[in-house]
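Pasted below: start24.csv, CSV, C-alpha atoms and all ligand atoms.
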```
chain,number,residue,atom,x,y,z
A,52,MET,CA,37.6,41.9,-6.2
A,53,GLN,CA,40.2,42.2,-3.5
A,54,ILE,CA,43.1,44.7,-4.0
A,55,GLU,CA,45.7,41.9,-4.5
A,56,THR,CA,43.7,40.6,-7.5
A,57,LEU,CA,43.2,44.1,-8.9
A,58,ALA,CA,46.9,44.8,-8.5
A,59,VAL,CA,47.7,41.8,-10.7
A,60,HIS,CA,45.0,42.2,-13.3
A,61,ALA,CA,43.7,45.8,-13.6
A,62,GLY,CA,45.0,47.4,-16.8
A,63,ARG,CA,46.8,44.3,-17.9
A,64,PRO,CA,44.6,42.1,-20.2
A,65,PRO,CA,46.6,39.9,-22.6
A,66,GLU,CA,47.2,41.8,-25.8
A,67,PRO,CA,44.5,41.0,-28.4
A,68,HIS,CA,46.8,40.9,-31.4
A,69,THR,CA,49.7,38.8,-30.0
A,70,GLY,CA,48.4,37.1,-26.8
A,71,ALA,CA,51.4,38.7,-25.0
A,72,ILE,CA,50.9,38.5,-21.2
A,73,THR,CA,53.2,41.4,-20.6
A,74,PRO,CA,52.1,44.6,-22.4
A,75,SER,CA,54.2,46.0,-25.2
A,76,ILE,CA,55.7,49.5,-24.9
A,77,THR,CA,54.1,51.8,-27.5
A,78,LEU,CA,56.8,54.4,-28.2
A,79,SER,CA,54.9,56.0,-31.1
A,80,THR,CA,54.2,59.7,-30.4
A,81,THR,CA,51.5,59.8,-33.1
A,82,PHE,CA,48.7,57.6,-34.4
A,83,GLU,CA,47.2,57.2,-37.8
A,84,ARG,CA,43.8,58.8,-38.7
A,85,ALA,CA,41.2,56.9,-40.7
A,86,ALA,CA,40.1,58.2,-44.2
A,87,ASP,CA,37.2,60.0,-42.6
A,88,GLY,CA,39.5,61.8,-40.2
A,89,SER,CA,38.6,59.8,-37.1
A,90,TYR,CA,41.0,58.0,-34.7
A,91,PRO,CA,39.8,54.4,-35.0
A,92,HIS,CA,41.9,53.2,-31.9
A,93,GLY,CA,41.2,56.2,-29.8
A,94,TYR,CA,44.7,57.7,-29.8
A,95,SER,CA,46.0,60.7,-31.7
A,96,TYR,CA,49.2,62.0,-30.0
A,97,THR,CA,51.1,60.7,-26.9
A,98,ARG,CA,51.0,63.9,-24.9
A,99,SER,CA,47.2,63.5,-24.8
A,100,ASP,CA,47.0,59.8,-24.5
A,101,ASN,CA,49.0,56.6,-25.0
A,102,PRO,CA,48.2,52.9,-24.5
A,103,ASN,CA,50.8,52.5,-21.7
A,104,ARG,CA,49.7,55.6,-19.9
A,105,ARG,CA,46.0,54.6,-20.2
A,106,ALA,CA,46.7,51.1,-18.8
A,107,TRP,CA,48.6,52.6,-15.8
A,108,GLU,CA,45.9,55.2,-15.2
A,109,GLU,CA,43.1,52.6,-15.3
A,110,ALA,CA,45.0,50.2,-12.9
A,111,LEU,CA,45.7,52.9,-10.3
A,112,ALA,CA,42.1,54.2,-10.5
A,113,ALA,CA,40.9,50.6,-9.8
A,114,LEU,CA,43.2,50.3,-6.8
A,115,GLU,CA,42.0,53.5,-5.3
A,116,GLY,CA,38.3,52.8,-6.1
A,117,GLY,CA,38.1,56.0,-8.2
A,118,GLY,CA,36.3,57.0,-11.4
A,119,VAL,CA,39.3,58.3,-13.3
A,120,GLY,CA,43.1,58.3,-13.0
A,121,LEU,CA,45.5,60.8,-14.5
A,122,ALA,CA,49.3,60.2,-14.8
A,123,PHE,CA,52.0,62.8,-14.5
A,124,ALA,CA,55.8,62.9,-14.8
A,125,SER,CA,56.3,63.2,-11.0
A,126,GLY,CA,54.3,63.6,-7.8
A,127,LEU,CA,54.9,67.4,-7.8
A,128,ALA,CA,53.7,67.6,-11.4
A,129,ALA,CA,50.4,66.0,-10.2
A,130,ILE,CA,50.1,68.4,-7.3
A,131,ALA,CA,50.8,71.4,-9.6
A,132,ALA,CA,48.2,70.2,-12.1
A,133,LEU,CA,45.5,70.1,-9.4
A,134,LEU,CA,46.5,73.5,-8.2
A,135,GLN,CA,46.3,74.8,-11.8
A,136,THR,CA,42.6,74.0,-11.8
A,137,LEU,CA,42.1,76.8,-9.2
A,138,SER,CA,41.7,80.4,-10.2
A,139,ALA,CA,43.6,83.4,-9.0
A,140,GLY,CA,42.2,84.5,-5.6
A,141,ALA,CA,41.4,81.0,-4.4
A,142,HIS,CA,42.6,80.0,-0.9
A,143,VAL,CA,44.2,76.6,-0.1
A,144,LEU,CA,44.6,75.1,3.3
A,145,LEU,CA,47.5,72.8,3.9
A,146,PRO,CA,48.8,70.8,6.9
A,147,ALA,CA,51.6,72.2,9.0
A,148,ASP,CA,53.7,69.0,8.6
A,149,LEU,CA,53.8,68.0,4.9
A,150,TYR,CA,56.2,67.1,2.1
A,151,HIS,CA,58.6,70.0,1.8
A,152,GLY,CA,58.3,70.3,-2.0
A,153,THR,CA,54.5,70.8,-1.7
A,154,ARG,CA,55.0,73.7,0.7
A,155,GLN,CA,57.7,75.2,-1.6
A,156,LEU,CA,55.6,74.9,-4.7
A,157,MET,CA,52.8,76.7,-3.0
A,158,LEU,CA,54.9,79.5,-1.5
A,159,ASP,CA,57.5,80.0,-4.2
A,160,ILE,CA,55.5,79.6,-7.4
A,161,LEU,CA,51.7,79.5,-7.0
A,162,GLN,CA,51.5,82.3,-4.5
A,163,ARG,CA,52.8,84.6,-7.3
A,164,TRP,CA,50.0,83.3,-9.5
A,165,GLY,CA,47.4,84.6,-7.1
A,166,LEU,CA,46.7,81.5,-4.9
A,167,ALA,CA,46.7,82.1,-1.1
A,168,ALA,CA,47.8,79.4,1.3
A,169,ASP,CA,47.7,78.8,5.0
A,170,PHE,CA,49.3,76.0,6.9
A,171,VAL,CA,47.5,74.7,10.0
A,172,ASP,CA,47.8,71.8,12.4
A,173,MET,CA,45.1,69.7,10.8
A,174,ARG,CA,45.2,67.1,13.6
A,175,SER,CA,42.7,69.5,15.1
A,176,PRO,CA,39.5,69.9,13.0
A,177,GLN,CA,38.7,72.9,15.1
A,178,LEU,CA,41.8,74.7,13.9
A,179,VAL,CA,40.9,73.8,10.3
A,180,ALA,CA,37.3,75.1,10.7
A,181,ALA,CA,38.7,78.4,12.1
A,182,ALA,CA,41.1,78.7,9.2
A,183,LEU,CA,38.5,78.2,6.4
A,184,ARG,CA,37.7,81.4,4.4
A,185,PRO,CA,34.9,82.2,2.1
A,186,ASN,CA,37.3,81.7,-0.8
A,187,THR,CA,38.8,78.4,0.4
A,188,ARG,CA,38.6,76.0,-2.6
A,189,LEU,CA,40.9,73.2,-1.6
A,190,LEU,CA,41.8,71.4,1.6
A,191,TRP,CA,45.1,69.5,1.0
A,192,LEU,CA,45.7,66.6,3.3
A,193,GLU,CA,48.8,64.5,3.8
A,194,THR,CA,48.4,61.5,6.1
A,195,PRO,CA,50.6,60.0,7.4
A,196,SER,CA,52.6,63.2,6.9
A,197,ASN,CA,56.1,63.5,5.7
A,198,PRO,CA,58.3,63.5,7.8
A,199,GLN,CA,56.6,63.4,11.2
A,200,LEU,CA,53.8,60.9,10.5
A,201,ASP,CA,50.9,63.1,11.8
A,202,ILE,CA,47.6,61.3,11.2
A,203,LEU,CA,44.7,63.4,9.9
A,204,ASP,CA,41.0,62.5,10.1
A,205,ILE,CA,40.1,62.2,6.4
A,206,GLN,CA,36.4,61.7,7.0
A,207,ALA,CA,36.0,64.7,9.4
A,208,LEU,CA,38.1,67.0,7.2
A,209,ALA,CA,36.4,66.0,4.0
A,210,GLN,CA,33.1,66.9,5.6
A,211,LEU,CA,34.5,70.3,6.7
A,212,ALA,CA,35.8,71.0,3.2
A,213,HIS,CA,32.5,70.1,1.5
A,214,ALA,CA,30.4,72.2,4.0
A,215,ALA,CA,32.7,75.1,3.0
A,216,GLY,CA,32.3,74.4,-0.8
A,217,ALA,CA,35.9,73.2,-1.1
A,218,LEU,CA,37.4,70.1,-2.5
A,219,CYS,CA,39.3,67.6,-0.3
A,220,ALA,CA,42.5,66.1,-1.7
A,221,VAL,CA,44.7,63.6,0.0
A,222,ASP,CA,48.4,62.9,-0.7
A,223,ASN,CA,48.3,59.1,-0.2
A,224,THR,CA,51.9,58.5,-1.1
A,225,TRP,CA,52.9,57.0,2.3
A,226,ALA,CA,50.0,54.8,2.9
A,227,THR,CA,49.3,53.7,-0.7
A,228,PRO,CA,45.8,52.2,-1.5
A,229,ILE,CA,46.9,49.0,0.2
A,230,TRP,CA,46.6,50.7,3.6
A,231,GLN,CA,44.3,53.6,3.0
A,232,ARG,CA,41.5,54.4,0.5
A,233,PRO,CA,40.8,58.2,1.0
A,234,LEU,CA,38.0,58.3,-1.7
A,235,ALA,CA,36.0,55.8,0.4
A,236,LEU,CA,36.4,58.1,3.4
A,237,GLY,CA,34.9,61.1,1.5
A,238,ALA,CA,37.9,62.7,-0.2
A,239,ASP,CA,37.4,63.9,-3.8
A,240,VAL,CA,41.0,63.5,-5.1
A,241,VAL,CA,43.9,61.2,-4.2
A,242,MET,CA,47.4,62.1,-5.2
A,243,HIS,CA,50.5,59.9,-5.4
A,244,SER,CA,54.2,60.3,-5.8
A,245,ALA,CA,54.4,57.0,-7.8
A,246,THR,CA,58.2,57.5,-7.5
A,247,LYS,CA,57.8,55.9,-4.0
A,248,TYR,CA,55.9,52.7,-3.2
A,249,LEU,CA,53.9,52.4,-6.4
A,250,GLY,CA,57.1,52.3,-8.5
A,251,GLY,CA,58.8,50.6,-5.5
A,252,HIS,CA,62.3,50.1,-7.0
A,253,SER,CA,63.8,53.6,-6.9
A,254,ASP,CA,64.1,53.6,-10.7
A,255,VAL,CA,61.2,55.7,-12.0
A,256,LEU,CA,59.7,59.1,-11.3
A,257,GLY,CA,55.9,59.3,-11.5
A,258,GLY,CA,52.9,61.0,-10.1
A,259,ALA,CA,49.1,60.5,-10.3
A,260,LEU,CA,45.7,61.9,-9.4
A,261,VAL,CA,42.7,59.7,-9.0
A,262,LEU,CA,39.2,61.3,-8.8
A,263,ARG,CA,36.1,60.0,-7.3
A,264,ASP,CA,34.2,61.6,-10.2
A,265,ASP,CA,33.7,59.9,-13.5
A,266,PRO,CA,35.7,61.0,-16.6
A,267,ALA,CA,32.9,63.3,-17.9
A,268,SER,CA,32.8,65.4,-14.7
A,269,PRO,CA,34.0,69.1,-15.0
A,270,LEU,CA,37.0,68.5,-12.7
A,271,ALA,CA,38.1,65.5,-14.7
A,272,GLN,CA,37.8,67.4,-17.9
A,273,GLN,CA,39.7,70.3,-16.5
A,274,LEU,CA,42.5,68.1,-15.3
A,275,ARG,CA,42.7,66.3,-18.6
A,276,ALA,CA,43.2,69.7,-20.2
A,277,VAL,CA,45.9,70.7,-17.7
A,278,GLN,CA,47.6,67.3,-18.2
A,279,SER,CA,47.7,67.6,-22.0
A,280,LEU,CA,48.3,71.4,-22.2
A,281,SER,CA,50.9,71.7,-19.5
A,282,GLY,CA,52.4,68.5,-20.8
A,283,ALA,CA,54.1,67.1,-17.6
A,284,VAL,CA,53.3,63.6,-18.7
A,285,PRO,CA,55.3,60.4,-18.1
A,286,SER,CA,56.9,58.5,-20.9
A,287,PRO,CA,55.4,55.2,-22.2
A,288,PHE,CA,58.4,53.4,-20.6
A,289,ASP,CA,57.8,55.1,-17.3
A,290,CYS,CA,54.2,54.0,-17.4
A,291,TRP,CA,55.2,50.5,-18.3
A,292,LEU,CA,57.6,50.3,-15.3
A,293,LEU,CA,54.9,51.6,-13.0
A,294,LEU,CA,52.3,49.1,-14.2
A,295,ARG,CA,54.9,46.4,-13.9
A,296,SER,CA,55.4,47.3,-10.2
A,297,LEU,CA,51.8,47.2,-9.1
A,298,PRO,CA,51.3,43.4,-8.9
A,299,THR,CA,54.0,43.2,-6.1
A,300,LEU,CA,52.8,46.3,-4.3
A,301,PRO,CA,50.6,44.4,-1.7
A,302,VAL,CA,53.2,41.9,-0.7
A,303,ARG,CA,56.0,44.4,-0.7
A,304,LEU,CA,54.1,46.8,1.5
A,305,ARG,CA,52.9,44.1,3.9
A,306,ALA,CA,56.5,42.8,4.4
A,307,GLN,CA,57.9,46.3,4.8
A,308,THR,CA,55.2,47.2,7.3
A,309,VAL,CA,55.9,44.2,9.5
A,310,SER,CA,59.6,45.2,9.7
A,311,ALA,CA,58.7,48.8,10.3
A,312,GLY,CA,56.6,47.9,13.3
A,313,ARG,CA,59.5,45.9,14.8
A,314,LEU,CA,62.0,48.7,14.2
A,315,ALA,CA,59.6,51.3,15.7
A,316,ALA,CA,59.2,49.2,18.8
A,317,PHE,CA,63.0,48.7,19.1
A,318,LEU,CA,63.6,52.5,18.8
A,319,HIS,CA,60.7,53.3,21.2
A,320,GLN,CA,62.5,51.6,24.1
A,321,HIS,CA,66.0,52.8,23.2
A,322,PRO,CA,67.6,55.2,25.7
A,323,ARG,CA,69.2,57.5,23.1
A,324,VAL,CA,65.9,58.0,21.2
A,325,ARG,CA,63.8,60.9,22.4
A,326,ARG,CA,60.7,60.2,20.3
A,327,VAL,CA,59.5,57.8,17.7
A,328,ASN,CA,56.9,58.8,15.1
A,329,TYR,CA,55.1,55.6,14.0
A,330,PRO,CA,51.3,55.4,14.0
A,331,GLY,CA,51.5,51.7,14.9
A,332,LEU,CA,52.8,52.5,18.3
A,333,PRO,CA,50.0,52.7,20.9
A,334,SER,CA,51.8,55.8,22.3
A,335,HIS,CA,51.4,57.7,19.0
A,336,PRO,CA,48.8,60.4,19.3
A,337,GLY,CA,47.2,59.3,16.0
A,338,HIS,CA,47.2,55.6,16.8
A,339,ALA,CA,43.5,55.1,17.4
A,340,LEU,CA,42.5,57.2,14.4
A,341,ALA,CA,45.1,55.4,12.2
A,342,ALA,CA,43.7,52.0,13.4
A,343,ARG,CA,40.3,53.2,12.3
A,344,GLN,CA,41.0,54.7,8.9
A,345,MET,CA,44.0,52.6,7.7
A,346,GLN,CA,44.3,48.9,7.1
A,347,GLY,CA,48.0,48.9,8.1
A,348,PHE,CA,50.4,51.4,9.6
A,349,GLY,CA,52.9,51.6,6.7
A,350,ALA,CA,56.6,51.2,6.4
A,351,MET,CA,57.9,54.8,7.1
A,352,VAL,CA,59.2,55.6,10.6
A,353,SER,CA,60.9,58.8,11.9
A,354,PHE,CA,62.6,59.3,15.2
A,355,GLU,CA,64.5,62.0,17.1
A,356,VAL,CA,67.8,61.2,18.8
A,357,GLU,CA,69.1,63.0,21.9
A,358,GLY,CA,71.6,65.7,21.0
A,359,GLY,CA,70.1,67.4,17.9
A,360,ALA,CA,71.5,67.7,14.4
A,361,SER,CA,75.1,66.6,15.1
A,362,ALA,CA,74.0,63.5,17.0
A,363,ALA,CA,71.5,62.6,14.3
A,364,LEU,CA,74.1,63.0,11.5
A,365,ALA,CA,76.6,61.0,13.5
A,366,VAL,CA,74.1,58.1,13.8
A,367,ALA,CA,73.4,58.2,10.1
A,368,GLY,CA,77.1,58.3,9.5
A,369,ARG,CA,77.6,55.0,11.3
A,370,VAL,CA,75.1,52.8,9.5
A,371,ARG,CA,76.6,50.1,7.2
A,372,LEU,CA,73.6,48.3,5.8
A,373,TRP,CA,71.1,51.2,5.6
A,374,THR,CA,71.8,53.7,2.7
A,375,ARG,CA,72.0,57.4,3.5
A,376,ALA,CA,69.8,58.8,0.8
A,377,THR,CA,66.6,60.7,0.2
A,378,SER,CA,63.4,59.3,-1.2
A,379,LEU,CA,61.5,56.2,0.0
A,380,GLY,CA,59.4,53.3,-0.9
A,381,GLY,CA,62.0,51.2,-2.6
A,382,VAL,CA,63.2,47.6,-1.8
A,383,GLU,CA,66.4,49.0,-0.1
A,384,SER,CA,66.2,50.6,3.3
A,385,LEU,CA,67.1,54.3,3.4
A,386,ILE,CA,68.0,56.6,6.3
A,387,GLU,CA,67.8,60.4,5.9
A,388,HIS,CA,68.6,63.4,8.0
A,389,ARG,CA,65.6,65.3,6.9
A,390,ALA,CA,66.2,68.9,8.0
A,391,SER,CA,69.5,69.1,6.0
A,392,ILE,CA,67.9,68.1,2.7
A,393,GLU,CA,64.9,70.4,3.3
A,394,GLY,CA,67.3,73.4,3.7
A,395,PRO,CA,67.0,76.7,5.5
A,396,ASP,CA,63.2,76.8,5.4
A,397,SER,CA,62.9,73.4,7.0
A,398,HIS,CA,60.2,72.9,9.7
A,399,THR,CA,61.6,69.5,10.7
A,400,PRO,CA,63.2,69.0,14.1
A,401,ALA,CA,67.0,69.1,13.8
A,402,GLY,CA,67.5,65.7,15.4
A,403,LEU,CA,65.0,63.8,13.2
A,404,LEU,CA,66.1,60.8,11.1
A,405,ARG,CA,63.6,59.3,8.6
A,406,LEU,CA,63.6,55.6,7.8
A,407,SER,CA,62.2,54.0,4.7
A,408,VAL,CA,62.1,50.3,5.6
A,409,GLY,CA,62.9,48.0,2.7
A,410,LEU,CA,62.8,44.3,2.1
A,411,GLU,CA,66.0,43.2,3.8
A,412,HIS,CA,65.7,40.8,6.8
A,413,VAL,CA,64.5,42.9,9.8
A,414,ASP,CA,67.1,41.3,12.1
A,415,ASP,CA,69.9,42.7,9.9
A,416,LEU,CA,68.3,46.2,9.8
A,417,LEU,CA,67.8,46.2,13.5
A,418,ALA,CA,71.3,45.1,14.3
A,419,ASP,CA,72.7,47.8,12.1
A,420,LEU,CA,70.6,50.5,13.7
A,421,ALA,CA,71.5,49.2,17.2
A,422,GLN,CA,75.3,49.5,16.4
A,423,ALA,CA,74.8,53.0,14.9
A,424,LEU,CA,73.0,54.1,18.1
A,425,SER,CA,75.4,52.4,20.5
A,426,GLU,CA,78.3,55.0,20.5
B,1,LIG,C1,58.1,62.4,-2.7
B,1,LIG,C2,56.9,62.9,-2.3
B,1,LIG,C3,56.2,63.9,-3.1
B,1,LIG,C4,56.8,64.4,-4.4
B,1,LIG,O1,56.8,63.4,-5.4
B,1,LIG,P1,57.9,63.4,-6.6
B,1,LIG,O2,57.6,62.2,-7.4
B,1,LIG,O3,59.3,63.5,-6.0
B,1,LIG,O4,57.7,64.7,-7.4
B,1,LIG,C5,55.0,64.3,-2.7
B,1,LIG,N1,54.4,63.9,-1.5
B,1,LIG,C6,55.0,63.0,-0.7
B,1,LIG,C7,54.4,62.6,0.6
B,1,LIG,C8,56.3,62.5,-1.1
B,1,LIG,O5,56.9,61.6,-0.2
```
Represent the supplied structure as structure tokens.
Amino acid sequence: MQIETLAVHAGRPPEPHTGAITPSITLSTTFERAADGSYPHGYSYTRSDNPNRRAWEEALAALEGGGVGLAFASGLAAIAALLQTLSAGAHVLLPADLYHGTRQLMLDILQRWGLAADFVDMRSPQLVAAALRPNTRLLWLETPSNPQLDILDIQALAQLAHAAGALCAVDNTWATPIWQRPLALGADVVMHSATKYLGGHSDVLGGALVLRDDPASPLAQQLRAVQSLSGAVPSPFDCWLLLRSLPTLPVRLRAQTVSAGRLAAFLHQHPRVRRVNYPGLPSHPGHALAARQMQGFGAMVSFEVEGGASAALAVAGRVRLWTRATSLGGVESLIEHRASIEGPDSHTPAGLLRLSVGLEHVDDLLADLAQALSE
């Protein structure tokens, strides 16, 4: 089945007892055992499993073409869970440009627990090959990357990881399975901040891992144990909201991507803009690779204005329709001065503004950016 069809139907059969088309929310934390001690419906306690969580996990696994999905309370909880399957002494390779929270989690918390990390420019598979160590257990990819939209070659890097005996995991938050299916390109694990496009309405936090493996594999079992024992699981209502958002994901993302392409082209020819990061632009260094491994270029754009931080903050200060806020993937368009939210350890250029393109009419979005840039 095509992804639009899966987005509507996966994990959402009509309810057998009532015929309800929309699933009920099962708030119960605990489930009755039968006289013989068994769990006749397959559920015992909501931290371990819950009908709403199971439906959301199954739906996302179907969209990513994976064997098993695991839901977490946030994207970072999902990343932390995967890292908790590693043992002290393991080495993790991460890209130089990536979500700031992933870098901080690795450096501030997991390094103290005995994991080593290196950050390399993964646009070059040669640099990755040179950075691999005998104890490298995980290659962490983020493509397109946050916030500079680097494009990484998933197929080539997954091959390098496997040859070194490491897993390859891809943060697929920005592309979503609508535009990129990392498991089909050889990755072992896909991660999502479901807070972004999957939720799509800026009203629910969520995270997920999807594995190529089946549920009985050692990695899947280990992750189920971390999920249940660390307990960073989403509530039944969160899962219900996330499942509710999936049917509209393909049309939302398609419309947002069309607008992002137009805005990127406008910014690209603007005299006050030094540089536009959008893989759909033929001038983007990752354009050809993105055209090969993605079905669409996505709805995130970043750009650098002439004049550094003060000029960028001034542009953001003049918008009227765009909202100045962090996060992304919702129906409303957001603009963010990324370096100032990342703080003193930021690796982001001072003049960079990040756009999350929403569902407003693109002419209105463009006119507002034009007036904000025109001072
Ligand atoms: C937001 C984000 C995360 C973290 O997700 P949370 O749901 O905020 O914990 C991870 N990766 C990327 C690319 C993100 O944009």
Find the spatial neighbours of segment 240-250 of chain A, counting all atoms listed in the file, within a cut-off of 6 Å - ignore same-chain residues fewer than 2 positions away - and output them as an NGL selection string. :A and (126 or 220-224 or 238 or 252 or 255-262 or 293 or 296 or 379-380)
Among listed residues A:Val277, A:Met351, A:Ala167, A:Val366, nearest Phe123 of chain A (using all atoms listed in the file): A:Val277
Pick out the residues sitting within 9 Å of Pro198 of chain A, and hand them over as a PyMOL selection string; count all atoms listed in the file, and ignore anything fewer than 5 positions along from it in its own chain. chain A and resi 148-151+328+351-353+389+399+403-405
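Of the listed residues A:Ile229, A:Leu156, A:Leu234, A:Ala271, the one whose atoms come nearest to Pro301 of chain A is A:Ile229, with distances taken using all atoms listed in the file.
Atom CA of Leu144 of chain A is found 4.9 Å from atom CA of Leu190 of chain A.
Between Pro298 of chain A and the residues A:Gly118, A:Gly251, A:Arg98, A:Glu83, the shortest atom-to-atom distance, using only C-alpha atoms, involves A:Gly251.
Summary of the local environment: counting all atoms listed in the file, residues at most 8 Å from Pro74 of chain A, other than itself and those fewer than 3 positions away along its chain, are Arg63, Pro65, Glu66, Ala71 and Trp291 of chain A.
Considering all atoms listed in the file, the residue among A:Asn186, A:Thr80, A:Asn197, A:Gln135 positioned nearest to ligand LIG 1 (chain B) is A:Asn197.
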Please rebuild segment 207-214 of chain A with all heavy atoms and return the result as an mmCIF file, in the coordinates of the input.
```
data_model
loop_
_atom_site.group_PDB
_atom_site.id
_atom_site.type_symbol
_atom_site.label_atom_id
_atom_site.label_comp_id
_atom_site.auth_asym_id
_atom_site.auth_seq_id
_atom_site.Cartn_x
_atom_site.Cartn_y
_atom_site.Cartn_z
ATOM 1 N N ALA A 207 36.421 63.453 8.727
ATOM 2 C CA ALA A 207 36.000 64.700 9.400
ATOM 3 C C ALA A 207 36.414 65.912 8.521
ATOM 4 O O ALA A 207 35.643 66.869 8.341
ATOM 5 C CB ALA A 207 36.587 64.810 10.769
ATOM 6 N N LEU A 208 37.637 65.869 7.981
ATOM 7 C CA LEU A 208 38.100 67.000 7.200
ATOM 8 C C LEU A 208 37.456 67.136 5.867
ATOM 9 O O LEU A 208 37.210 68.242 5.375
ATOM 10 C CB LEU A 208 39.664 66.945 7.096
ATOM 11 C CG LEU A 208 40.413 67.077 8.442
ATOM 12 C CD1 LEU A 208 41.900 66.776 8.275
ATOM 13 C CD2 LEU A 208 40.227 68.465 9.048
ATOM 14 N N ALA A 209 37.117 65.997 5.257
ATOM 15 C CA ALA A 209 36.400 66.000 4.000
ATOM 16 C C ALA A 209 35.013 66.672 4.194
ATOM 17 O O ALA A 209 34.539 67.474 3.377
ATOM 18 C CB ALA A 209 36.269 64.652 3.372
ATOM 19 N N GLN A 210 34.380 66.340 5.328
ATOM 20 C CA GLN A 210 33.100 66.900 5.600
ATOM 21 C C GLN A 210 33.180 68.452 5.800
ATOM 22 O O GLN A 210 32.358 69.211 5.287
ATOM 23 C CB GLN A 210 32.473 66.317 6.893
ATOM 24 C CG GLN A 210 31.745 65.007 6.595
ATOM 25 C CD GLN A 210 31.376 64.233 7.853
ATOM 26 O OE1 GLN A 210 31.401 64.776 8.955
ATOM 27 N NE2 GLN A 210 31.036 62.971 7.679
ATOM 28 N N LEU A 211 34.240 68.887 6.518
ATOM 29 C CA LEU A 211 34.500 70.300 6.700
ATOM 30 C C LEU A 211 34.671 71.014 5.356
ATOM 31 O O LEU A 211 34.124 72.086 5.088
ATOM 32 C CB LEU A 211 35.693 70.569 7.575
ATOM 33 C CG LEU A 211 35.517 70.527 9.077
ATOM 34 C CD1 LEU A 211 36.868 70.756 9.756
ATOM 35 C CD2 LEU A 211 34.529 71.606 9.517
ATOM 36 N N ALA A 212 35.477 70.377 4.493
ATOM 37 C CA ALA A 212 35.800 71.000 3.200
ATOM 38 C C ALA A 212 34.470 71.112 2.387
ATOM 39 O O ALA A 212 34.185 72.174 1.833
ATOM 40 C CB ALA A 212 36.754 70.078 2.417
ATOM 41 N N HIS A 213 33.672 70.059 2.367
ATOM 42 C CA HIS A 213 32.500 70.100 1.500
ATOM 43 C C HIS A 213 31.455 71.108 2.061
ATOM 44 O O HIS A 213 30.805 71.801 1.282
ATOM 45 C CB HIS A 213 31.844 68.683 1.475
ATOM 46 C CG HIS A 213 32.746 67.718 0.771
ATOM 47 N ND1 HIS A 213 32.694 66.357 0.952
ATOM 48 C CD2 HIS A 213 33.741 67.926 -0.128
ATOM 49 C CE1 HIS A 213 33.614 65.772 0.210
ATOM 50 N NE2 HIS A 213 34.267 66.698 -0.453
ATOM 51 N N ALA A 214 31.354 71.215 3.401
ATOM 52 C CA ALA A 214 30.400 72.200 4.000
ATOM 53 C C ALA A 214 30.860 73.622 3.589
ATOM 54 O O ALA A 214 30.031 74.531 3.513
ATOM 55 C CB ALA A 214 30.377 72.053 5.497
#
```
